[in-house]
$ cat structure.txt   # compact mmCIF, C-alpha atoms and all ligand atoms
# COMPACT_ATOMS: atom_id res chain seq x y z
CA MET A 1 -5.10 -28.54 11.85
CA LYS A 2 -3.37 -25.49 13.35
CA VAL A 3 -3.21 -22.45 11.07
CA GLY A 4 -1.08 -19.43 11.93
CA ILE A 5 -2.00 -15.89 10.88
CA LEU A 6 0.58 -13.16 10.47
CA THR A 7 0.32 -9.51 9.38
CA GLY A 8 3.55 -7.85 8.21
CA GLY A 9 4.79 -4.56 6.77
CA GLY A 10 2.88 -1.28 6.94
CA ASP A 11 -0.56 -1.71 8.48
CA CYS A 12 -3.65 -0.90 6.49
CA PRO A 13 -7.41 -0.80 6.89
CA GLY A 14 -9.00 -4.20 6.26
CA LEU A 15 -6.38 -6.37 7.99
CA ASN A 16 -8.79 -7.23 10.79
CA ALA A 17 -11.46 -8.19 8.26
CA VAL A 18 -9.04 -10.78 6.83
CA ILE A 19 -8.07 -12.14 10.27
CA ARG A 20 -11.75 -12.44 11.24
CA ALA A 21 -12.61 -14.20 7.97
CA ILE A 22 -9.78 -16.74 8.34
CA VAL A 23 -10.88 -17.59 11.88
CA ARG A 24 -14.56 -17.77 10.92
CA LYS A 25 -13.85 -20.07 7.96
CA SER A 26 -11.33 -22.22 9.88
CA ILE A 27 -13.92 -22.90 12.57
CA ARG A 28 -16.15 -24.44 9.88
CA TYR A 29 -13.46 -27.05 9.31
CA GLY A 30 -12.80 -27.53 13.04
CA TRP A 31 -9.34 -25.98 12.68
CA GLU A 32 -7.48 -23.98 15.31
CA ASN A 33 -5.92 -20.55 14.66
CA ILE A 34 -2.80 -19.05 16.18
CA GLY A 35 -2.13 -15.34 15.84
CA ILE A 36 1.53 -14.44 15.29
CA GLU A 37 2.40 -11.12 16.93
CA ASN A 38 4.12 -8.35 14.97
CA GLY A 39 4.76 -10.01 11.63
CA TRP A 40 7.80 -12.26 11.11
CA LYS A 41 9.19 -10.95 14.42
CA GLY A 42 6.62 -13.12 16.22
CA LEU A 43 7.93 -16.23 14.48
CA MET A 44 11.55 -15.31 15.18
CA GLU A 45 10.72 -14.94 18.88
CA ILE A 46 7.71 -17.27 19.33
CA ASP A 47 5.27 -14.57 20.27
CA THR A 48 1.77 -15.84 19.63
CA ARG A 49 -1.79 -15.84 20.89
CA PRO A 50 -4.75 -18.15 20.32
CA LEU A 51 -7.42 -16.75 18.01
CA ASP A 52 -10.94 -18.00 18.57
CA LEU A 53 -14.37 -16.65 17.70
CA ASN A 54 -14.40 -14.23 20.64
CA ALA A 55 -10.93 -12.90 19.83
CA VAL A 56 -12.12 -11.75 16.41
CA SER A 57 -15.49 -10.47 17.50
CA GLY A 58 -16.09 -6.74 16.89
CA ILE A 59 -12.88 -6.18 14.89
CA LEU A 60 -14.29 -5.91 11.35
CA GLN A 61 -14.62 -2.13 11.42
CA LYS A 62 -11.36 -1.48 13.26
CA GLY A 63 -8.34 -0.09 11.41
CA GLY A 64 -4.81 -1.44 11.91
CA THR A 65 -4.22 -5.04 12.91
CA ILE A 66 -5.06 -6.68 16.22
CA LEU A 67 -1.92 -8.80 15.77
CA GLY A 68 0.48 -5.89 15.46
CA THR A 69 2.98 -5.63 12.63
CA SER A 70 6.66 -4.97 11.96
CA ARG A 71 9.08 -4.71 9.07
CA THR A 72 11.22 -7.55 10.47
CA ASN A 73 12.95 -9.54 7.75
CA PRO A 74 14.04 -13.03 8.93
CA TYR A 75 16.51 -13.21 6.04
CA LYS A 76 18.47 -10.34 7.63
CA PHE A 77 19.27 -12.64 10.57
CA LYS A 78 21.83 -15.43 10.70
CA ASN A 79 19.83 -18.68 10.32
CA GLY A 80 16.63 -16.63 10.07
CA GLU A 81 14.91 -19.09 7.75
CA LYS A 82 15.80 -22.04 9.98
CA THR A 83 14.55 -20.16 13.06
CA VAL A 84 11.17 -19.45 11.46
CA ILE A 85 10.76 -23.06 10.35
CA GLU A 86 11.84 -24.53 13.70
CA ASN A 87 9.74 -22.10 15.72
CA SER A 88 6.70 -22.88 13.58
CA GLN A 89 7.22 -26.56 14.37
CA LYS A 90 7.53 -25.76 18.08
CA ILE A 91 4.23 -23.84 17.94
CA GLY A 92 2.73 -26.81 16.07
CA LEU A 93 1.69 -24.88 12.97
CA ASP A 94 0.47 -26.95 10.03
CA ALA A 95 0.19 -23.93 7.75
CA LEU A 96 0.52 -20.16 7.80
CA VAL A 97 -1.43 -17.33 6.19
CA ALA A 98 0.93 -14.42 5.56
CA ILE A 99 -0.96 -11.17 5.00
CA GLY A 100 1.29 -8.52 3.54
CA GLY A 101 2.77 -6.63 0.64
CA GLU A 102 5.81 -7.35 -1.49
CA ASP A 103 8.19 -7.57 1.51
CA THR A 104 6.14 -9.89 3.72
CA LEU A 105 5.14 -12.00 0.74
CA GLY A 106 8.73 -11.99 -0.51
CA VAL A 107 9.71 -13.72 2.74
CA ALA A 108 6.73 -16.10 2.40
CA ASN A 109 7.88 -16.93 -1.12
CA LYS A 110 11.40 -17.82 -0.03
CA LEU A 111 10.07 -19.91 2.88
CA SER A 112 7.69 -21.68 0.53
CA LYS A 113 10.59 -22.61 -1.74
CA ALA A 114 12.26 -24.11 1.34
CA GLY A 115 9.21 -26.37 1.81
CA TYR A 116 7.29 -24.23 4.33
CA LYS A 117 3.50 -24.38 4.04
CA VAL A 118 2.34 -20.84 3.51
CA VAL A 119 -0.37 -19.03 1.53
CA GLY A 120 -0.47 -15.28 0.91
CA VAL A 121 -3.07 -12.53 1.11
CA PRO A 122 -2.24 -9.27 -0.72
CA LYS A 123 -2.30 -6.19 1.48
CA THR A 124 -1.09 -2.67 0.82
CA ILE A 125 -2.53 0.80 0.48
CA ASP A 126 -0.09 1.23 -2.43
CA ASN A 127 -1.96 -1.28 -4.67
CA ASP A 128 1.38 -2.13 -6.27
CA LEU A 129 1.33 -5.92 -5.97
CA ASN A 130 1.50 -7.71 -9.27
CA GLY A 131 -1.19 -10.22 -10.29
CA THR A 132 -4.12 -8.79 -8.35
CA ASP A 133 -6.39 -6.03 -9.64
CA TYR A 134 -6.65 -4.54 -6.16
CA THR A 135 -5.16 -5.02 -2.74
CA PHE A 136 -7.32 -4.25 0.28
CA GLY A 137 -6.49 -0.99 2.08
CA PHE A 138 -6.09 0.88 -1.19
CA ASP A 139 -9.72 1.93 -1.50
CA THR A 140 -9.74 3.33 2.05
CA ALA A 141 -6.51 5.27 1.42
CA VAL A 142 -7.91 6.71 -1.81
CA ASN A 143 -11.12 7.81 -0.09
CA ILE A 144 -9.19 9.46 2.75
CA ALA A 145 -6.99 11.28 0.21
CA MET A 146 -10.00 12.30 -1.88
CA ASP A 147 -11.70 13.73 1.18
CA ALA A 148 -8.53 15.70 2.00
CA ILE A 149 -8.35 17.05 -1.56
CA ASP A 150 -11.99 18.17 -1.36
CA ARG A 151 -11.23 20.07 1.83
CA ILE A 152 -8.07 21.61 0.44
CA HIS A 153 -10.00 22.75 -2.65
CA THR A 154 -12.10 25.23 -0.68
CA THR A 155 -9.17 26.81 1.11
CA ALA A 156 -7.13 26.91 -2.14
CA GLU A 157 -9.96 28.76 -3.84
CA SER A 158 -10.41 31.25 -0.99
CA HIS A 159 -6.71 32.13 -0.81
CA HIS A 160 -5.93 31.87 -4.55
CA ARG A 161 -3.11 29.49 -3.81
CA ALA A 162 -1.45 26.50 -5.39
CA MET A 163 -1.92 23.59 -3.02
CA ILE A 164 0.39 20.62 -3.43
CA ILE A 165 -0.92 17.47 -1.79
CA GLU A 166 1.49 14.58 -1.29
CA VAL A 167 0.13 11.07 -1.05
CA MET A 168 1.81 7.74 -0.30
CA GLY A 169 2.30 4.84 -2.71
CA ARG A 170 6.05 4.28 -2.75
CA HIS A 171 7.24 3.78 -6.35
CA ALA A 172 3.73 3.47 -7.81
CA GLY A 173 1.25 6.25 -8.50
CA TRP A 174 -2.01 4.40 -7.85
CA ILE A 175 -3.16 6.42 -4.84
CA ALA A 176 -2.23 9.69 -6.56
CA MET A 177 -4.07 8.72 -9.75
CA HIS A 178 -7.29 7.56 -8.10
CA ALA A 179 -7.45 10.28 -5.44
CA GLY A 180 -6.35 12.91 -7.97
CA ILE A 181 -8.99 12.02 -10.56
CA ALA A 182 -11.70 11.63 -7.90
CA GLY A 183 -10.71 14.91 -6.26
CA GLY A 184 -10.56 16.89 -9.51
CA ALA A 185 -6.82 17.65 -9.34
CA ASP A 186 -5.40 20.08 -11.92
CA LEU A 187 -2.21 18.05 -12.17
CA ILE A 188 -1.13 14.61 -10.96
CA LEU A 189 2.53 13.72 -10.63
CA ILE A 190 3.48 10.06 -10.34
CA PRO A 191 6.73 8.04 -10.31
CA GLU A 192 5.86 6.31 -13.58
CA LYS A 193 5.79 9.60 -15.50
CA GLU A 194 8.79 11.78 -15.03
CA ILE A 195 7.91 15.39 -15.60
CA LYS A 196 10.05 18.46 -16.20
CA LEU A 197 9.56 21.46 -13.95
CA ASP A 198 8.88 23.70 -16.92
CA ASP A 199 5.85 21.60 -17.84
CA VAL A 200 4.45 22.03 -14.33
CA ILE A 201 5.02 25.77 -14.45
CA ASN A 202 3.42 26.00 -17.93
CA ILE A 203 0.29 24.26 -16.71
CA MET A 204 0.08 26.66 -13.74
CA ASN A 205 0.56 29.71 -15.95
CA GLU A 206 -2.03 28.49 -18.47
CA ARG A 207 -4.55 28.11 -15.66
CA ALA A 208 -3.78 31.59 -14.42
CA LYS A 209 -4.27 32.96 -17.97
CA ARG A 210 -7.80 31.61 -18.11
CA GLY A 211 -8.61 33.19 -14.78
CA ARG A 212 -8.23 30.22 -12.49
CA THR A 213 -6.58 31.71 -9.45
CA PHE A 214 -5.91 28.49 -7.60
CA SER A 215 -4.53 25.05 -8.41
CA ILE A 216 -4.60 21.60 -6.88
CA ILE A 217 -1.59 19.39 -7.57
CA VAL A 218 -1.52 15.82 -6.30
CA VAL A 219 1.96 14.37 -6.11
CA ALA A 220 2.93 10.80 -5.25
CA GLU A 221 5.71 10.57 -2.67
CA GLY A 222 7.84 8.61 -5.15
CA ALA A 223 7.42 11.04 -8.05
CA LYS A 224 10.55 12.44 -9.57
CA ILE A 225 10.88 15.87 -10.98
CA SER A 226 13.75 17.48 -12.80
CA GLU A 227 14.82 20.84 -14.19
CA SER A 228 14.45 20.90 -17.98
CA ASP A 229 18.21 20.87 -18.48
CA GLN A 230 18.78 17.95 -16.09
CA LYS A 231 18.84 14.38 -17.34
CA ASN A 232 18.57 12.62 -13.98
CA SER A 233 15.89 13.44 -11.49
CA LYS A 234 16.07 12.62 -7.82
CA LEU A 235 13.76 11.05 -5.28
CA VAL A 236 12.97 13.18 -2.25
CA THR A 237 13.62 11.13 0.88
CA GLN A 238 13.18 11.86 4.58
CA ASP A 239 16.55 10.35 5.43
CA LYS A 240 19.08 8.06 3.83
CA LYS A 241 18.56 5.09 6.17
CA LEU A 242 17.23 1.85 4.69
CA ASP A 243 14.74 -0.45 6.40
CA ALA A 244 15.23 -4.24 6.71
CA PHE A 245 13.94 -4.68 3.16
CA GLY A 246 16.21 -2.01 1.69
CA HIS A 247 13.64 0.78 1.30
CA VAL A 248 14.36 4.44 1.92
CA ARG A 249 11.70 6.57 3.65
CA LEU A 250 10.14 8.68 0.95
CA GLY A 251 8.44 11.98 1.64
CA GLY A 252 8.80 15.71 1.25
CA ILE A 253 8.47 16.24 -2.51
CA ALA A 254 5.36 18.43 -1.95
CA SER A 255 7.34 20.94 0.10
CA VAL A 256 10.13 21.05 -2.47
CA LEU A 257 7.60 21.61 -5.24
CA ALA A 258 5.66 24.29 -3.35
CA GLU A 259 8.80 26.33 -2.89
CA ILE A 260 9.82 26.05 -6.55
CA ILE A 261 6.32 26.82 -7.87
CA GLU A 262 6.00 29.91 -5.69
CA LYS A 263 9.41 31.14 -6.79
CA LYS A 264 8.82 30.51 -10.50
CA THR A 265 5.17 31.61 -10.85
CA GLY A 266 4.69 34.08 -8.05
CA ILE A 267 1.60 32.11 -6.99
CA GLU A 268 1.48 31.60 -3.25
CA SER A 269 1.90 27.87 -2.62
CA ARG A 270 1.40 25.47 0.27
CA ALA A 271 2.25 21.80 0.76
CA THR A 272 0.18 19.21 2.59
CA ILE A 273 1.70 15.80 3.26
CA LEU A 274 -1.10 13.38 4.10
CA GLY A 275 1.25 10.70 5.46
CA HIS A 276 -0.02 7.98 7.75
CA ILE A 277 -3.54 9.43 7.95
CA GLN A 278 -4.03 7.46 4.71
CA ARG A 279 -3.36 4.21 6.52
CA GLY A 280 -5.39 4.81 9.65
CA GLY A 281 -8.97 4.34 10.74
CA SER A 282 -11.90 2.30 9.64
CA PRO A 283 -11.87 0.43 6.28
CA THR A 284 -14.35 1.26 3.54
CA ALA A 285 -17.09 -1.23 2.65
CA PHE A 286 -15.03 -2.27 -0.40
CA ASP A 287 -11.99 -3.10 1.72
CA ARG A 288 -14.05 -4.93 4.34
CA VAL A 289 -15.63 -7.09 1.67
CA LEU A 290 -12.38 -7.67 -0.25
CA GLY A 291 -10.52 -8.53 2.98
CA SER A 292 -13.30 -10.92 4.03
CA ARG A 293 -13.27 -12.64 0.63
CA PHE A 294 -9.47 -12.97 0.67
CA GLY A 295 -9.55 -14.43 4.20
CA VAL A 296 -12.15 -17.06 3.36
CA TYR A 297 -10.30 -17.92 0.15
CA ALA A 298 -6.97 -18.31 1.99
CA VAL A 299 -8.50 -21.06 4.12
CA GLU A 300 -9.83 -22.75 0.98
CA MET A 301 -6.32 -22.60 -0.48
CA ILE A 302 -4.91 -24.36 2.58
CA LYS A 303 -7.67 -26.99 2.41
CA ALA A 304 -6.78 -27.62 -1.22
CA GLY A 305 -3.03 -27.74 -0.44
CA LYS A 306 -2.33 -24.72 -2.66
CA PHE A 307 0.79 -23.58 -0.83
CA GLY A 308 3.14 -20.97 -2.19
CA ARG A 309 0.15 -19.23 -3.75
CA MET A 310 -1.62 -15.94 -3.07
CA ALA A 311 -5.29 -15.01 -3.20
CA ALA A 312 -5.86 -12.39 -5.90
CA LEU A 313 -8.73 -10.35 -7.30
CA LYS A 314 -9.17 -10.71 -11.06
CA GLY A 315 -12.18 -8.82 -12.31
CA ALA A 316 -14.95 -9.76 -9.91
CA GLU A 317 -13.49 -13.15 -8.97
CA ILE A 318 -11.05 -14.25 -6.28
CA VAL A 319 -8.47 -16.60 -7.75
CA ASP A 320 -5.01 -17.77 -6.72
CA ILE A 321 -1.65 -17.09 -8.32
CA PRO A 322 1.92 -18.09 -7.38
CA ILE A 323 3.39 -15.75 -4.75
CA ASP A 324 6.40 -15.72 -7.04
CA GLU A 325 4.35 -13.93 -9.69
CA ALA A 326 2.98 -11.40 -7.18
CA VAL A 327 6.43 -10.34 -5.96
CA SER A 328 8.22 -10.61 -9.32
CA LYS A 329 7.63 -6.97 -10.20
CA THR A 330 5.91 -3.83 -9.00
CA LYS A 331 2.52 -3.17 -10.58
CA THR A 332 2.69 0.37 -11.87
CA VAL A 333 0.33 2.82 -13.55
CA GLY A 334 0.14 2.34 -17.31
CA GLU A 335 0.29 4.87 -20.11
CA LYS A 336 -3.40 4.61 -21.04
CA PHE A 337 -4.65 5.38 -17.56
CA TYR A 338 -2.32 8.38 -17.29
CA ASP A 339 -3.52 9.66 -20.67
CA THR A 340 -7.07 9.58 -19.29
CA ALA A 341 -6.00 11.58 -16.22
CA LYS A 342 -4.28 14.13 -18.48
CA VAL A 343 -7.64 15.09 -19.99
CA PHE A 344 -8.37 16.82 -16.67
CA PHE A 345 -5.03 18.59 -16.26
CA GLY A 346 -4.73 22.35 -16.45
O1 LIG B 401 3.78 0.54 1.79
C1 LIG B 401 2.88 1.31 2.51
C2 LIG B 401 3.48 2.64 2.88
O2 LIG B 401 2.48 3.39 3.56
C3 LIG B 401 4.05 3.45 1.72
O3 LIG B 401 3.08 4.09 0.96
C4 LIG B 401 4.98 4.37 2.46
O4 LIG B 401 6.04 4.82 1.64
C5 LIG B 401 5.51 3.50 3.56
O5 LIG B 401 4.57 2.47 3.76
C6 LIG B 401 5.74 4.22 4.86
O6 LIG B 401 6.32 3.35 5.74
P1 LIG B 401 6.43 3.59 7.31
O7 LIG B 401 5.07 3.36 7.90
O8 LIG B 401 7.41 2.59 7.76
O9 LIG B 401 6.87 5.00 7.52
$ encode --input "structure.txt" --output "structure tokens"
Amino acid sequence: MKVGILTGGGDCPGLNAVIRAIVRKSIRYGWENIGIENGWKGLMEIDTRPLDLNAVSGILQKGGTILGTSRTNPYKFKNGEKTVIENSQKIGLDALVAIGGEDTLGVANKLSKAGYKVVGVPKTIDNDLNGTDYTFGFDTAVNIAMDAIDRIHTTAESHHRAMIIEVMGRHAGWIAMHAGIAGGADLILIPEKEIKLDDVINIMNERAKRGRTFSIIVVAEGAKISESDQKNSKLVTQDKKLDAFGHVRLGGIASVLAEIIEKKTGIESRATILGHIQRGGSPTAFDRVLGSRFGVYAVEMIKAGKFGRMAALKGAEIVDIPIDEAVSKTKTVGEKFYDTAKVFFG
């Protein structure tokens, strides 16, 4: 049995733990592993490498992915699906483990419907994949963001400033919520909860009234904010270009907010955009363990012929769900959780 392993989309800490686990578990069954380079691009171009025990030795604690990644979408190419299927046959793959978020798994889902033997492993720092309680990479991103918030706290306090910290997460506020609550933010702004500028300003002024001379605001890159008299709010994007999966590059809302807050409250404000720091470096213990469990489970799924399905964390257990379900919608922050966060606002 020859099992391919592919990592696609944005990298995240824990990917190497999954790759290592798949190889380790495959060896138990006497299977061979082939690493596909740079996501779906490697299957479009037949760019592979053998993965044996030595190839995955010493990678558990390393960030990124030893296989490289890309945002290549085979369905953007003429005969892309056919190319992937034919190239997989040429390589001699019996099955593939696709490790990725909604885009990579969206491709896996379409291929699976065309009869391709693929199982999925949920990866993204955004934690926005449906059907799994957590994706690996998220915990590391949250801890990096929390650490940054802690550091920004001391300088905010010294300078009596409003510090606006922008975190990633695309159209979901999971990183902002977890890092914001853990870091003791005075306000958290997320895409799921549109907020009027006046409400932000009121919270800042209330804090000032009770003698708090600094504020920490955590804002998700996909949050939308509008003037009180405006009905439609806008996303702040870095440019208008779309990637192969139709996403715009978000980023910059913290700077926009800092300027407005300073103008409207007179409080000196600064923006910090954490950016790709959240995706880099060594995974936390949680992500190493979750990635290892997902990797082992993916091999079990192949053994059991559970194709078109994705490993998922439900409570404390690893289970499998249809990839279809995972990519059917974005998992977003619910009302109840936000209400809890609001207790700490102001
Ligand atoms: O999906 C992961 C993510 O880090 C998002 O949070 C972010 O919007 C996006 O990827 C950034 O993508 P890129 O690395 O292509 O700039």
$ residues_near_ligand --input "structure.txt" --ligand "ligand LIG 401 (chain B)" --cutoff "9 Å" --atoms "only C-alpha atoms and all ligand atoms" --output "MDAnalysis selection string"
chainID A and resid 9:12 70:71 101:102 124:128 167:172 175 221:222 243 247:251 275:276 278:279
$ closest_residue --input "structure.txt" --among "A:Gly173, A:Gly183, A:Pro13, A:Gly100" --to "Arg288 in chain A" --atoms "only C-alpha atoms"
A:Pro13
$ atom_distance --input "structure.txt" --atom1 "CA of Asp133 in chain A" --atom2 "CA of Lys110 in chain A"
23.4 Å
$ closest_residue --input "structure.txt" --among "A:Tyr134, A:Phe344, A:Tyr29, A:Trp40" --to "Ser88 in chain A" --atoms "only C-alpha atoms"
A:Trp40
$ closest_residue --input "structure.txt" --among "A:Glu81, A:Glu37, A:Glu227, A:Glu300" --to "Val319 in chain A" --atoms "all atoms listed in the file"
A:Glu300
$ atom_distance --input "structure.txt" --atom1 "CA of Glu166 in chain A" --atom2 "CA of Thr7 in chain A"
26.4 Å
$ atom_distance --input "structure.txt" --atom1 "CA of Leu189 in chain A" --atom2 "CA of Ala271 in chain A"
14.0 Å
$ residues_around --input "structure.txt" --residues "Leu60 in chain A" --least-positions-apart "2" --cutoff "6 Å" --atoms "only C-alpha atoms" --output "PyMOL selection string"
chain A and resi 16-17+58+62
$ closest_residue --input "structure.txt" --among "A:Lys303, A:His178, A:Lys342, A:Lys117" --to "Lys193 in chain A" --atoms "all atoms listed in the file"
A:Lys342
$ residues_around --input "structure.txt" --residues "Val84 in chain A" --least-positions-apart "2" --cutoff "9 Å" --atoms "all atoms listed in the file" --output "ChimeraX atom specification"
/A:40,43-46,74,79-82,86-89,111
$ closest_residue --input "structure.txt" --among "A:Val289, A:Ala208, A:Thr65, A:Ile201" --to "Lys264 in chain A" --atoms "all atoms listed in the file"
A:Ile201
$ closest_residue --input "structure.txt" --among "A:Gly184, A:Glu157, A:Lys25, A:Val118" --to "Gly211 in chain A" --atoms "only C-alpha atoms"
A:Glu157
$ residues_near_point --input "structure.txt" --point "(-12.9, 26.6, -3.8)" --cutoff "12 Å" --atoms "only C-alpha atoms" --output "VMD selection string"
chain A and resid 149 to 163 184 212 to 216
$ write_last_selection --input "structure.txt" --atoms "C-alpha atoms" --output "tab-separated table (two decimals), in the coordinates of the input"
chain	number	residue	atom	x	y	z
A	149	ILE	CA	-8.35	17.05	-1.56
A	150	ASP	CA	-11.99	18.17	-1.36
A	151	ARG	CA	-11.23	20.07	1.83
A	152	ILE	CA	-8.07	21.61	0.44
A	153	HIS	CA	-10.00	22.75	-2.65
A	154	THR	CA	-12.10	25.23	-0.68
A	155	THR	CA	-9.17	26.81	1.11
A	156	ALA	CA	-7.13	26.91	-2.14
A	157	GLU	CA	-9.96	28.76	-3.84
A	158	SER	CA	-10.41	31.25	-0.99
A	159	HIS	CA	-6.71	32.13	-0.81
A	160	HIS	CA	-5.93	31.87	-4.55
A	161	ARG	CA	-3.11	29.49	-3.81
A	162	ALA	CA	-1.45	26.50	-5.39
A	163	MET	CA	-1.92	23.59	-3.02
A	184	GLY	CA	-10.56	16.89	-9.51
A	212	ARG	CA	-8.23	30.22	-12.49
A	213	THR	CA	-6.58	31.71	-9.45
A	214	PHE	CA	-5.91	28.49	-7.60
A	215	SER	CA	-4.53	25.05	-8.41
A	216	ILE	CA	-4.60	21.60	-6.88
$ residues_around --input "structure.txt" --residues "Ile34 in chain A" --least-positions-apart "2" --cutoff "9 Å" --atoms "all atoms listed in the file" --output "list in words"
Lys2, Val3, Gly4, Ile5, Leu6, Glu32, Ile36, Thr48, Arg49, Pro50, Leu51, Asp52, Ile91 and Leu93 of chain A
